[in-house]
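The block underneath contains the structure these notes are about, expressed in structure tokens.
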Amino acid sequence: MTRAAIHPELLTWARERAGKSPEDLDHRFPKLALWEAGDAQPTIKQLQAFADAVHVPVGYLFLPAPPHEQLPIPDFRTVDGRAIHRPSPNLLDMVYACQERQGWFKDYARAVRLPELAFVGSASLNDEPVAVAARMAEALGFDLEARAACRTWEEALRLFIGQADALGVLVMVSGVVLSNNNRKLDPEEFRGFALADTQAPLVFINGSDSKSAQMFTLAHELAHLWLGATAISNASAAPVAGFRREEVWCNAVAAELLVPLVTLQADLVVDEALDDAVARLTRRYKVSSLVILRRLLDAGWLTRTAFEAAWAAERGRLRAIAERNGGGGDFYRTTLSRVSRRFARALVESTLEGQTLYRDAFRMLGVAKTETFNHIGQEVGVLA
């Protein structure tokens, strides 16, 4: 029986990288403690199973020392003003998957001579957020009344995604890595990212976040595209210090896009109780209560002291709800929403025309069956 001659610290590194304790893996690898101590070695088959369990390429485990992994895109996330250095395997794999999809779509766009999108990179940090938000709203065909008429946050988010898709943005929403429901994405680690490109601009939204929070994430990442800036984000609507200038600017643009200050001021009611105002405005604008609180501060309706107290209380309330509901779930569970309608339509057409291998199409779509592929083709109007 062939044993794998590896450095024990690679096993510990891979386990910790996946956020696993020895107890989490004991039932599958009862000799893991001996392997990590160097007192025993796994077989090649056991090592492959271990690599699959901790989501690491098995080749990494044969390196002389643990690799220093970095995100392949700029990282604008912070916690208490400090950068986050160690990305999880789930985040890394999601970024790599979206980069592959974007690369494919760029080649496709060139082949079919799709025009470049002028809005990507059309703004700068020196532009006023209000002016940029107005340009974005016009380009997207934003209609506040249409959004207010949506019965649910899910419906409003679908409307918003459809507007971005029509503009040429690949919007991908998922709460899991590819189609693996056992690899849930953590909204505490990241809320979304943008991959800027004039032919294949892509936005990924962490679908494990709440539906109302996803509205703000989409607006925030679209602002990154207007800057022409590829980046990963975890910023919320809070007007707090510690974030990079780009994040503060994108937050301001997103807040104005979703809740224009002039419109909000016309909607304010004198002497209305805060809880009543937040509930009413949340339903109208289809954004999270935290976004409404931030805009009430911007409008001068709340003092800084009152805002900070209300913000802390609301964050605690929402966190308790998320814990009860298992983190908010992901209403967009279909493959189509995970890869975007625009991408899926192009990929199915290319595959049916023989330009793309079915094997590659299945991998990028995250499907395993021809039946699922055909169903996607029907959903996007390529197959009858």
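In the structure tokens, the first chain shown is A, the next is B, and so on; residue numbers restart at 1 for each chain, and ligands run from 1 in the order shown.
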
* **Who sits within 8 Å of Ala231 in chain A, only C-alpha atoms, same chain under 5 positions skipped, as a PyMOL selection string** => chain A and resi 73-76+193-195+224

Listing only residues of range 163-270 of chain A within 10 Å of range 354-368 of chain A, what is the closest atom pair and its distance in Å (to one decimal) for each, using only C-alpha atoms, sorted by chain and residue number ascending, as a Markdown table?
```
| residue | atom | partner | partner_atom | distance |
| --- | --- | --- | --- | --- |
| A:Val177 | CA | A:Gly366 | CA | 9.4 |
| A:Leu178 | CA | A:Gly366 | CA | 5.6 |
| A:Ser179 | CA | A:Gly366 | CA | 5.7 |
| A:Asn180 | CA | A:Gly366 | CA | 8.7 |
```

Would you write out those residues with C-alpha atoms, as a PDB file, in the first residue's frame?
```pdb
ATOM      1  CA  VAL A 177     -19.927  27.337  -4.096  1.00  0.00           C
ATOM      2  CA  LEU A 178     -20.986  26.347  -7.615  1.00  0.00           C
ATOM      3  CA  SER A 179     -23.813  23.847  -7.003  1.00  0.00           C
ATOM      4  CA  ASN A 180     -22.457  22.294  -3.807  1.00  0.00           C
TER       5      ASN A 180
END
```

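Residues in contact with Arg28 in chain A at 12 Å, where only C-alpha atoms are counted and same-chain residues fewer than 4 positions away are skipped, are listed as A:Pro22, A:Glu23, A:Asp24, A:Leu32, A:Gln46, A:Leu47, A:Ala49, A:Phe50, A:Asp52, A:Ala53, A:Val54.
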
* as number ranges by chain, please: all residues of range 94-144 of chain A that backbone DSSP puts in helix (DSSP H, G or I). => A: 94-111, 129-140, 144

Okay, now the selection with N, CA, C and O atoms, as a short mmCIF file (atom, residue, chain, number, x, y, z; two decimals), in the first residue's frame?
```
data_model
loop_
_atom_site.label_atom_id
_atom_site.label_comp_id
_atom_site.auth_asym_id
_atom_site.auth_seq_id
_atom_site.Cartn_x
_atom_site.Cartn_y
_atom_site.Cartn_z
N MET A 94 -14.93 30.49 -5.46
CA MET A 94 -16.00 31.25 -6.11
C MET A 94 -15.42 32.33 -7.02
O MET A 94 -15.91 32.56 -8.13
N VAL A 95 -14.35 32.99 -6.56
CA VAL A 95 -13.71 34.00 -7.40
C VAL A 95 -13.11 33.36 -8.65
O VAL A 95 -13.28 33.87 -9.77
N TYR A 96 -12.42 32.21 -8.47
CA TYR A 96 -11.83 31.54 -9.63
C TYR A 96 -12.90 31.12 -10.63
O TYR A 96 -12.72 31.26 -11.86
N ALA A 97 -14.05 30.62 -10.13
CA ALA A 97 -15.12 30.18 -11.03
C ALA A 97 -15.68 31.36 -11.83
O ALA A 97 -15.93 31.25 -13.03
N CYS A 98 -15.85 32.50 -11.15
CA CYS A 98 -16.39 33.67 -11.84
C CYS A 98 -15.37 34.24 -12.83
O CYS A 98 -15.75 34.75 -13.90
N GLN A 99 -14.09 34.18 -12.49
CA GLN A 99 -13.07 34.62 -13.44
C GLN A 99 -13.08 33.76 -14.69
O GLN A 99 -12.91 34.26 -15.81
N GLU A 100 -13.26 32.44 -14.52
CA GLU A 100 -13.32 31.56 -15.69
C GLU A 100 -14.53 31.91 -16.55
O GLU A 100 -14.43 31.99 -17.78
N ARG A 101 -15.68 32.13 -15.92
CA ARG A 101 -16.88 32.48 -16.67
C ARG A 101 -16.69 33.81 -17.40
O ARG A 101 -17.09 33.94 -18.57
N GLN A 102 -16.10 34.79 -16.72
CA GLN A 102 -15.88 36.08 -17.35
C GLN A 102 -14.93 35.95 -18.54
O GLN A 102 -15.15 36.55 -19.60
N GLY A 103 -13.86 35.17 -18.37
CA GLY A 103 -12.92 34.97 -19.46
C GLY A 103 -13.58 34.34 -20.67
O GLY A 103 -13.33 34.74 -21.82
N TRP A 104 -14.45 33.36 -20.41
CA TRP A 104 -15.17 32.72 -21.53
C TRP A 104 -16.06 33.74 -22.22
O TRP A 104 -16.10 33.83 -23.46
N PHE A 105 -16.78 34.55 -21.43
CA PHE A 105 -17.73 35.48 -22.04
C PHE A 105 -17.00 36.58 -22.82
O PHE A 105 -17.51 37.05 -23.85
N LYS A 106 -15.82 36.97 -22.38
CA LYS A 106 -15.04 37.97 -23.12
C LYS A 106 -14.69 37.43 -24.51
O LYS A 106 -14.79 38.15 -25.51
N ASP A 107 -14.26 36.17 -24.57
CA ASP A 107 -13.95 35.55 -25.86
C ASP A 107 -15.20 35.49 -26.74
O ASP A 107 -15.16 35.75 -27.95
N TYR A 108 -16.31 35.12 -26.12
CA TYR A 108 -17.58 35.04 -26.85
C TYR A 108 -17.98 36.41 -27.38
O TYR A 108 -18.40 36.55 -28.54
N ALA A 109 -17.85 37.45 -26.52
CA ALA A 109 -18.23 38.80 -26.92
C ALA A 109 -17.42 39.28 -28.11
O ALA A 109 -17.95 39.93 -29.02
N ARG A 110 -16.13 38.95 -28.12
CA ARG A 110 -15.29 39.33 -29.26
C ARG A 110 -15.71 38.58 -30.52
O ARG A 110 -15.75 39.15 -31.61
N ALA A 111 -16.01 37.30 -30.35
CA ALA A 111 -16.36 36.47 -31.51
C ALA A 111 -17.65 36.94 -32.18
O ALA A 111 -17.76 36.92 -33.42
N PRO A 129 -21.14 61.55 -5.65
CA PRO A 129 -21.97 60.34 -5.65
C PRO A 129 -23.39 60.58 -6.13
O PRO A 129 -23.97 59.72 -6.82
N VAL A 130 -23.96 61.73 -5.82
CA VAL A 130 -25.34 62.01 -6.26
C VAL A 130 -25.42 62.05 -7.78
O VAL A 130 -26.35 61.49 -8.39
N ALA A 131 -24.44 62.68 -8.43
CA ALA A 131 -24.43 62.77 -9.88
C ALA A 131 -24.24 61.40 -10.52
O ALA A 131 -24.89 61.06 -11.53
N VAL A 132 -23.32 60.60 -9.97
CA VAL A 132 -23.07 59.27 -10.52
C VAL A 132 -24.30 58.39 -10.34
O VAL A 132 -24.69 57.64 -11.25
N ALA A 133 -24.94 58.46 -9.17
CA ALA A 133 -26.15 57.67 -8.93
C ALA A 133 -27.25 58.03 -9.92
O ALA A 133 -27.98 57.15 -10.39
N ALA A 134 -27.35 59.30 -10.27
CA ALA A 134 -28.36 59.72 -11.24
C ALA A 134 -28.06 59.12 -12.61
O ALA A 134 -28.97 58.67 -13.31
N ARG A 135 -26.79 59.11 -13.01
CA ARG A 135 -26.42 58.52 -14.29
C ARG A 135 -26.69 57.01 -14.29
O ARG A 135 -27.16 56.45 -15.30
N MET A 136 -26.39 56.37 -13.18
CA MET A 136 -26.64 54.94 -13.08
C MET A 136 -28.14 54.64 -13.17
O MET A 136 -28.56 53.70 -13.85
N ALA A 137 -28.93 55.42 -12.46
CA ALA A 137 -30.38 55.20 -12.47
C ALA A 137 -30.94 55.34 -13.89
O ALA A 137 -31.80 54.54 -14.32
N GLU A 138 -30.43 56.30 -14.64
CA GLU A 138 -30.89 56.50 -16.02
C GLU A 138 -30.47 55.33 -16.90
O GLU A 138 -31.26 54.81 -17.70
N ALA A 139 -29.22 54.89 -16.75
CA ALA A 139 -28.72 53.78 -17.57
C ALA A 139 -29.48 52.48 -17.27
O ALA A 139 -29.76 51.68 -18.17
N LEU A 140 -29.80 52.27 -16.00
CA LEU A 140 -30.47 51.04 -15.59
C LEU A 140 -31.98 51.09 -15.83
O LEU A 140 -32.65 50.04 -15.78
N LEU A 144 -38.51 53.99 -9.28
CA LEU A 144 -38.79 53.77 -7.86
C LEU A 144 -40.22 53.27 -7.63
O LEU A 144 -40.46 52.44 -6.75
#
```

Residues within 8 Å of Phe119 in chain A, only C-alpha atoms, excluding chain neighbours under 2 positions, as a PDB file with C-alpha atoms, in the first residue's frame:
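Once written, part_27.pdb looks like this:
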```pdb
ATOM      1  CA  LEU A 117     -19.927  49.053 -22.582  1.00  0.00           C
ATOM      2  CA  GLY A 121     -14.951  53.050 -15.865  1.00  0.00           C
ATOM      3  CA  SER A 122     -16.975  56.154 -16.729  1.00  0.00           C
ATOM      4  CA  ALA A 123     -16.823  57.568 -13.174  1.00  0.00           C
ATOM      5  CA  LEU A 225     -18.110  48.821 -12.266  1.00  0.00           C
ATOM      6  CA  TRP A 226     -18.802  52.501 -12.932  1.00  0.00           C
TER       7      TRP A 226
END
```

* To do: Could you jot down the CA of Ser208 in chain A to CA of Lys184 in chain A separation for me, Å, one decimal place?
  => 7.5 Å

* Structure fact -> Here CA of Gly175 in chain A and CA of His220 in chain A stand apart by 18.0 Å

Produce a table with one row for each residue of range 242-292 of chain A that has an atom at most 10 Å from any atom of range 154-171 of chain A, each row naming the nearest atom pair and its distance in Å at one decimal; use only C-alpha atoms; arrange rows by chain and rising residue number; format as a tab-separated table.
```
residue	atom	partner	partner_atom	distance
A:Tyr285	CA	A:Ala156	CA	9.2
A:Lys286	CA	A:Ala156	CA	6.7
A:Val287	CA	A:Ala156	CA	9.2
```
